[in-house]
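Here is structure08.txt, consisting of compact mmCIF, C-alpha atoms:
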# COMPACT_ATOMS: atom_id res chain seq x y z
CA MET A 1 64.86 135.25 120.17
CA ALA A 2 68.44 134.87 118.94
CA SER A 3 69.25 135.99 115.42
CA THR A 4 70.43 133.44 112.90
CA TYR A 5 73.98 134.74 113.24
CA GLU A 6 73.85 134.51 117.04
CA THR A 7 72.60 130.94 116.84
CA VAL A 8 75.30 129.99 114.34
CA ALA A 9 78.02 131.68 116.38
CA GLY A 10 76.80 129.86 119.49
CA ILE A 11 76.86 126.54 117.70
CA ILE A 12 80.41 127.15 116.47
CA ALA A 13 81.59 128.23 119.90
CA ASP A 14 80.06 125.13 121.52
CA THR A 15 80.94 122.48 118.97
CA CYS A 16 84.42 123.71 118.04
CA ASP A 17 85.46 124.98 121.47
CA ILE A 18 86.18 128.47 120.17
CA GLU A 19 85.95 131.48 122.47
CA PRO A 20 82.79 133.42 121.59
CA ASP A 21 84.62 136.77 121.47
CA LYS A 22 86.81 135.47 118.65
CA ILE A 23 83.75 134.91 116.47
CA THR A 24 82.37 137.84 114.45
CA PRO A 25 79.97 138.17 111.52
CA ASP A 26 82.99 138.67 109.26
CA SER A 27 84.82 135.56 110.50
CA HIS A 28 85.58 132.95 107.86
CA ALA A 29 84.84 129.57 109.40
CA ILE A 30 87.90 127.93 107.86
CA ASN A 31 90.43 130.70 107.29
CA ASP A 32 89.80 132.68 110.47
CA LEU A 33 88.37 130.18 112.92
CA GLY A 34 90.32 127.12 111.73
CA ILE A 35 87.31 124.82 111.57
CA ASP A 36 88.28 121.63 109.74
CA SER A 37 85.99 119.36 107.76
CA LEU A 38 85.24 117.03 110.68
CA ASP A 39 84.36 119.91 112.99
CA PHE A 40 82.29 121.45 110.23
CA LEU A 41 80.30 118.21 110.10
CA ASP A 42 79.34 118.87 113.73
CA VAL A 43 78.48 122.45 112.91
CA ALA A 44 76.39 121.42 109.89
CA PHE A 45 74.50 118.80 111.90
CA ALA A 46 73.79 121.29 114.68
CA ILE A 47 72.65 123.97 112.20
CA ASP A 48 70.45 121.50 110.30
CA LYS A 49 68.83 120.48 113.58
CA ALA A 50 68.49 123.99 114.99
CA PHE A 51 66.82 125.39 111.87
CA GLY A 52 65.08 122.25 110.59
CA ILE A 53 66.86 122.47 107.24
CA LYS A 54 69.30 120.49 105.11
CA MET A 55 72.16 122.77 104.14
CA PRO A 56 73.12 121.82 100.57
CA LEU A 57 76.79 121.43 101.41
CA GLU A 58 77.55 119.32 98.37
CA GLN A 59 76.00 121.88 96.04
CA TRP A 60 77.90 124.65 97.76
CA THR A 61 81.14 122.69 97.39
CA GLN A 62 80.43 122.22 93.70
CA ASP A 63 79.77 125.94 93.33
CA VAL A 64 83.13 126.75 94.91
CA ASN A 65 85.02 124.10 92.94
CA ALA A 66 83.48 125.33 89.69
CA GLY A 67 84.56 128.87 90.48
CA ARG A 68 81.00 130.21 90.54
CA VAL A 69 81.53 131.67 94.02
CA THR A 70 84.35 131.98 96.52
CA THR A 71 84.32 130.20 99.86
CA ASP A 72 83.40 133.57 101.41
CA GLU A 73 79.85 133.08 100.12
CA TYR A 74 79.28 130.09 102.37
CA PHE A 75 81.91 130.27 105.11
CA VAL A 76 81.90 133.93 106.19
CA LEU A 77 79.41 133.76 109.01
CA LYS A 78 77.19 136.66 108.00
CA ASN A 79 76.89 135.10 104.53
CA LEU A 80 76.32 131.64 105.96
CA SER A 81 73.59 133.09 108.18
CA ALA A 82 71.96 134.79 105.18
CA ASN A 83 72.02 131.49 103.27
CA ILE A 84 70.43 129.74 106.25
CA ASP A 85 67.70 132.39 106.32
CA LYS A 86 67.02 131.71 102.63
CA LEU A 87 66.76 127.97 103.27
CA VAL A 88 64.41 128.52 106.20
CA ALA A 89 62.26 130.86 104.09
CA ALA A 90 62.21 128.40 101.20
CA LYS A 91 61.12 125.63 103.53
CA ALA A 92 58.32 127.74 104.97
CA ALA A 93 57.06 128.81 101.53
CA MET B 1 80.85 87.36 112.01
CA ARG B 2 84.42 87.09 110.85
CA LEU B 3 86.10 89.52 113.17
CA GLU B 4 89.52 89.47 111.54
CA TYR B 5 87.96 90.41 108.18
CA PHE B 6 85.69 93.05 109.68
CA GLN B 7 82.66 91.09 108.57
CA MET B 8 80.46 92.13 111.44
CA VAL B 9 76.95 91.74 110.04
CA ASP B 10 75.72 88.24 109.21
CA ARG B 11 72.23 89.11 108.10
CA ILE B 12 69.79 91.96 107.87
CA ALA B 13 66.88 90.84 110.06
CA ALA B 14 64.51 93.76 109.49
CA LEU B 15 64.66 96.80 107.25
CA ASP B 16 62.31 99.77 107.09
CA VAL B 17 63.92 102.04 104.51
CA PRO B 18 61.33 104.86 104.46
CA GLY B 19 61.08 104.75 108.25
CA GLY B 20 64.85 104.75 108.66
CA ARG B 21 65.22 101.63 110.80
CA ILE B 22 67.22 98.43 110.53
CA SER B 23 68.17 95.47 112.66
CA THR B 24 70.87 92.92 111.97
CA ARG B 25 72.00 89.59 113.35
CA CYS B 26 75.62 89.12 114.29
CA GLN B 27 76.80 85.76 115.62
CA VAL B 28 80.05 86.06 117.52
CA PRO B 29 82.32 83.14 116.56
CA GLU B 30 83.51 80.69 119.17
CA GLN B 31 87.05 81.14 117.98
CA SER B 32 88.97 83.99 116.37
CA PRO B 33 92.57 85.22 116.41
CA VAL B 34 91.14 88.39 117.92
CA PHE B 35 90.39 86.51 121.13
CA GLU B 36 93.99 85.38 121.45
CA GLY B 37 94.96 88.93 122.26
CA HIS B 38 91.72 90.32 123.65
CA PHE B 39 92.23 88.94 126.22
CA PRO B 40 94.45 85.96 127.03
CA GLY B 41 92.42 83.73 129.32
CA TYR B 42 89.41 86.06 129.18
CA PRO B 43 88.15 86.41 125.60
CA ILE B 44 85.65 89.21 124.94
CA VAL B 45 84.69 91.12 121.81
CA PRO B 46 86.70 94.37 121.68
CA GLY B 47 84.64 97.50 122.18
CA VAL B 48 85.95 98.93 118.92
CA LEU B 49 84.42 95.95 117.10
CA LEU B 50 81.09 96.55 118.82
CA ILE B 51 81.29 100.10 117.49
CA GLU B 52 82.19 98.74 114.06
CA THR B 53 79.19 96.41 114.25
CA MET B 54 76.89 99.35 114.97
CA ALA B 55 78.55 101.40 112.23
CA GLN B 56 78.08 98.63 109.66
CA THR B 57 74.47 98.12 110.73
CA GLY B 58 73.72 101.81 110.27
CA GLY B 59 75.77 101.73 107.09
CA TRP B 60 73.47 99.11 105.55
CA LEU B 61 70.49 101.29 106.38
CA LEU B 62 72.12 104.23 104.60
CA LEU B 63 73.20 102.09 101.63
CA ALA B 64 69.60 100.92 101.28
CA ARG B 65 68.30 104.49 101.38
CA LEU B 66 70.91 105.48 98.80
CA GLY B 67 70.17 102.53 96.53
CA CYS B 68 73.85 101.60 96.94
CA ALA B 69 74.72 104.63 94.82
CA ARG B 70 77.09 106.10 97.39
CA MET B 71 79.20 104.88 100.25
CA PRO B 72 78.84 105.89 103.90
CA PHE B 73 82.22 106.04 105.62
CA LEU B 74 82.48 106.15 109.40
CA MET B 75 83.55 109.63 110.48
CA GLN B 76 82.55 110.12 114.06
CA VAL B 77 81.31 108.22 117.09
CA GLU B 78 79.51 110.07 119.85
CA LYS B 79 78.22 108.95 123.22
CA ALA B 80 79.56 105.43 122.84
CA LYS B 81 78.86 103.15 125.78
CA MET B 82 79.98 99.56 126.25
CA ARG B 83 77.53 98.31 128.85
CA ALA B 84 78.48 94.65 129.12
CA PHE B 85 81.06 92.14 127.92
CA VAL B 86 80.28 90.00 124.89
CA ALA B 87 81.80 86.53 124.93
CA PRO B 88 82.66 84.13 122.10
CA GLY B 89 79.60 82.31 120.81
CA GLN B 90 77.06 84.94 121.82
CA ALA B 91 74.33 85.99 119.40
CA MET B 92 73.93 89.73 119.01
CA GLU B 93 71.23 91.85 117.45
CA ALA B 94 72.19 95.33 116.32
CA GLU B 95 69.73 98.12 115.56
CA ALA B 96 70.11 101.52 113.97
CA THR B 97 67.69 104.39 113.53
CA LEU B 98 68.25 107.32 111.21
CA VAL B 99 68.59 110.59 113.09
CA HIS B 100 69.43 112.92 110.22
CA GLU B 101 70.28 112.70 106.55
CA GLY B 102 72.30 115.76 105.66
CA SER B 103 74.04 116.83 102.48
CA GLY B 104 77.05 114.53 102.23
CA TYR B 105 76.66 113.18 105.72
CA ALA B 106 74.24 111.18 107.85
CA VAL B 107 73.69 110.41 111.52
CA VAL B 108 72.23 107.29 113.14
CA LYS B 109 71.62 106.09 116.67
CA ALA B 110 72.62 102.48 117.10
CA SER B 111 72.66 99.81 119.76
CA ILE B 112 73.49 96.14 120.26
CA ALA B 113 71.66 93.63 122.40
CA ALA B 114 72.91 90.22 123.48
CA GLY B 115 71.41 87.76 125.90
CA GLY B 116 68.34 89.95 126.25
CA LYS B 117 70.13 93.10 127.37
CA LYS B 118 71.72 96.10 125.74
CA VAL B 119 75.48 95.73 125.54
CA ALA B 120 76.47 98.81 123.52
CA GLU B 121 75.09 102.02 122.08
CA ALA B 122 76.40 105.04 120.18
CA GLU B 123 75.50 107.87 117.88
CA ILE B 124 77.36 107.37 114.63
CA ARG B 125 78.09 109.89 111.92
CA TYR B 126 79.10 109.10 108.38
CA GLY B 127 80.49 110.98 105.45
CA VAL B 128 78.43 109.91 102.43
CA VAL B 129 80.43 110.11 99.21
CA PRO B 130 80.61 108.55 95.76
CA PHE B 131 82.32 105.15 95.71
CA PRO B 132 86.05 105.83 95.33
CA ASN B 133 86.45 102.96 92.87
CA ASP B 134 84.63 100.11 91.17
CA THR B 135 86.39 97.46 93.24
CA LEU B 136 84.85 98.70 96.45
CA LYS B 137 81.46 99.15 94.84
CA ALA B 138 81.52 95.58 93.53
CA ALA B 139 82.63 94.25 96.93
CA MET B 140 79.84 96.12 98.67
CA LEU B 141 77.25 94.79 96.25
CA GLU B 142 78.55 91.27 96.78
CA THR B 143 78.36 91.79 100.53
CA ALA B 144 74.87 93.25 100.14
CA GLY B 145 73.84 89.90 98.70
CA ARG B 146 75.50 88.00 101.54
CA VAL B 147 73.76 89.99 104.27
CA GLY B 148 70.42 89.89 102.47
CA LEU B 149 69.93 93.48 101.36
CA PRO B 150 67.00 93.18 98.94
CA GLU B 151 67.93 93.84 95.32
CA GLU B 152 65.36 96.62 95.06
CA PHE B 153 67.80 98.67 97.11
CA HIS B 154 70.72 98.14 94.72
CA HIS B 155 69.16 100.32 92.02
CA GLY B 156 71.59 103.20 92.24
CA ALA B 157 74.73 101.10 91.91

Spit out the file's structure as structure tokens when you get a sec.
Amino acid sequence: MASTYETVAGIIADTCDIEPDKITPDSHAINDLGIDSLDFLDVAFAIDKAFGIKMPLEQWTQDVNAGRVTTDEYFVLKNLSANIDKLVAAKAA
Amino acid sequence: MRLEYFQMVDRIAALDVPGGRISTRCQVPEQSPVFEGHFPGYPIVPGVLLIETMAQTGGWLLLARLGCARMPFLMQVEKAKMRAFVAPGQAMEAEATLVHEGSGYAVVKASIAAGGKKVAEAEIRYGVVPFPNDTLKAAMLETAGRVGLPEEFHHGA
């Protein structure tokens, strides 16, 4: 069974037409991979569907805008994957 | 329908807010400036306006679910198919079903039938954001009354 990161990387490669070998756990979805907001909508929809969750994108945006966290927290893929794992665990609890 | 004003939905025919389903009635006018150009001597409803009709139908479903507190803006159209021509004077029924309600976005599957057969379908994605100003909010609430969105779904406005 694919890890969360592997699933996320696969989704990004498929939906954003990015070569898989350019995607690493340390890639920043925006700064490194150049994913724009419209493409990220595709990614978010695919992640929500794949994991049966609702990523709180608006809350995350507020956190960044308020300076509580940097975009790395949500857009570096290993961090995004960890946040997805937390959402999946919270849903199962 | 008033094509030149982008008034695509005449009336909400059925609405199941918890179930995420809606259908609307859309009467294509006999005459419109749109038909003068699309096409001379062979008037048909432009495919982009069929897509707009599906987007507005799904949009009313989302507005109802949001209590008109936020505005769904069309962001993406996937798998759009125009299966048949729609002529002036035809009655259409559009349907939309909620596929996913994400954080700040939503996805519906929509279709249009006319003359007993499906004429268009698409998956439509919206960005769902606060109303950018009071003018638009007021216009949407006025339109909600015109298309028959029950007032119980205006509570968030």

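Using all atoms listed in the file for every distance, the candidate list A:Thr4, A:Gln59, A:Thr15, A:Asn31 yields A:Gln59 as the residue closest to chain B.
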
Work out how far CA of Gly102 (chain B) is from CA of Tyr5 (chain A), in Å to one decimal.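 So the two atoms, CA of Tyr5 (chain A) and CA of Gly102 (chain B), lie 20.5 Å apart.
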
So that each row is one residue of chain A with an atom at most 8 Å from chain B, can you give its shortest atom pair and the distance in Å to one decimal, using all atoms listed in the file, rows by chain and rising number, as a Markdown table?
| residue | atom | partner | partner_atom | distance |
| --- | --- | --- | --- | --- |
| A:Leu38 | CA | B:Met75 | CA | 7.6 |
| A:Leu41 | CA | B:Tyr105 | CA | 7.6 |
| A:Phe45 | CA | B:Gly102 | CA | 7.3 |
| A:Asp48 | CA | B:Gly102 | CA | 7.6 |
| A:Lys54 | CA | B:Gly102 | CA | 5.6 |
| A:Met55 | CA | B:Ser103 | CA | 6.4 |
| A:Pro56 | CA | B:Ser103 | CA | 5.4 |
| A:Leu57 | CA | B:Ser103 | CA | 5.5 |
| A:Glu58 | CA | B:Ser103 | CA | 6.0 |

As a check of understanding: the span from CA of Leu49 (chain B) to CA of Lys49 (chain A) is 29.3 Å

Shortest contact to Gly116 (chain B), candidates B:Ala55, B:Leu149, B:Leu74, B:Met92, atoms counted all atoms listed in the file, goes to B:Met92

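The interatomic distance for the pair CA of Asp85 (chain A) and CA of Phe51 (chain A) works out to 9.0 Å.
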
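By only C-alpha atoms, and with residues fewer than 2 positions from Val108 (chain B) along its chain excluded, the set lying at most 6 Å from it is Thr97, Leu98, Val99, Glu123 and Ile124 of chain B.
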
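Nearest residue to Phe40 (chain A) among A:Cys16, A:Lys91, A:Gln62, A:Asn79 is A:Cys16, counting only C-alpha atoms.
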
Q.
I need the residue nearest Ala87 (chain B) from this list: B:Val147, B:Val9, B:Ile44, B:Ala114. Use only C-alpha atoms for the distance.
A.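 Of B:Val147, B:Val9, B:Ile44, B:Ala114, the one nearest Ala87 (chain B) is B:Ile44, counting only C-alpha atoms.
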
Query raised in the report: Any idea what's packed within 12 Å of Ala89 (chain A), counting only C-alpha atoms, ignoring anything in its chain fewer than 5 positions away? Could you give it as a PyMOL selection string?
Result: chain A and resi 51-53+82-84

If you count all atoms listed in the file, the residue of A:Thr24, A:Thr7, A:Asn65, A:Ser37 closest to Leu77 (chain A) turns out to be A:Thr24

Kindly list the centre and edge lengths in Å, rounded to one decimal, for the axis-aligned box that covers all listed atoms of region 8-21 of chain A plus 5 Å on each of its six sides, as AutoDock Vina command-line options.
--center_x 80.7 --center_y 129.6 --center_z 118.4 --size_x 20.9 --size_y 24.3 --size_z 18.1

From the list B:Ala157, B:Ala64, B:Leu50, B:Val34, the nearest residue to Ala139 (chain B) using all atoms listed in the file is B:Ala157

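Using all atoms listed in the file, every residue with an atom at most 6 Å from the point (74.1, 100.5, 95.0) is listed here: Gly67, Cys68, Ala69, His154, His155, Gly156 and Ala157 of chain B.
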
Residues near Val17 (chain B), anyone? I mean within 10 Å using all atoms listed in the file, not counting same-chain ones fewer than 3 positions away, as a PyMOL selection string.
chain B and resi 14+20-22+61-66+98+153

Only C-alpha atoms, please: the residues just picked out, written as an mmCIF file, in the frame of the given file.
data_model
loop_
_atom_site.group_PDB
_atom_site.id
_atom_site.type_symbol
_atom_site.label_atom_id
_atom_site.label_comp_id
_atom_site.auth_asym_id
_atom_site.auth_seq_id
_atom_site.Cartn_x
_atom_site.Cartn_y
_atom_site.Cartn_z
ATOM 1 C CA ALA B 14 64.510 93.760 109.490
ATOM 2 C CA GLY B 20 64.850 104.750 108.660
ATOM 3 C CA ARG B 21 65.220 101.630 110.800
ATOM 4 C CA ILE B 22 67.220 98.430 110.530
ATOM 5 C CA LEU B 61 70.490 101.290 106.380
ATOM 6 C CA LEU B 62 72.120 104.230 104.600
ATOM 7 C CA LEU B 63 73.200 102.090 101.630
ATOM 8 C CA ALA B 64 69.600 100.920 101.280
ATOM 9 C CA ARG B 65 68.300 104.490 101.380
ATOM 10 C CA LEU B 66 70.910 105.480 98.800
ATOM 11 C CA LEU B 98 68.250 107.320 111.210
ATOM 12 C CA PHE B 153 67.800 98.670 97.110
#

- request: Determine, counting all atoms listed in the file, which protein, DNA and RNA residues have an atom within 12 Å of an atom of Gln90 (chain B); residues of the same chain fewer than 3 positions away are not included. Present the result as a ChimeraX atom specification.
  value: /B:1,25-31,43-45,85-87,93,112-116,119
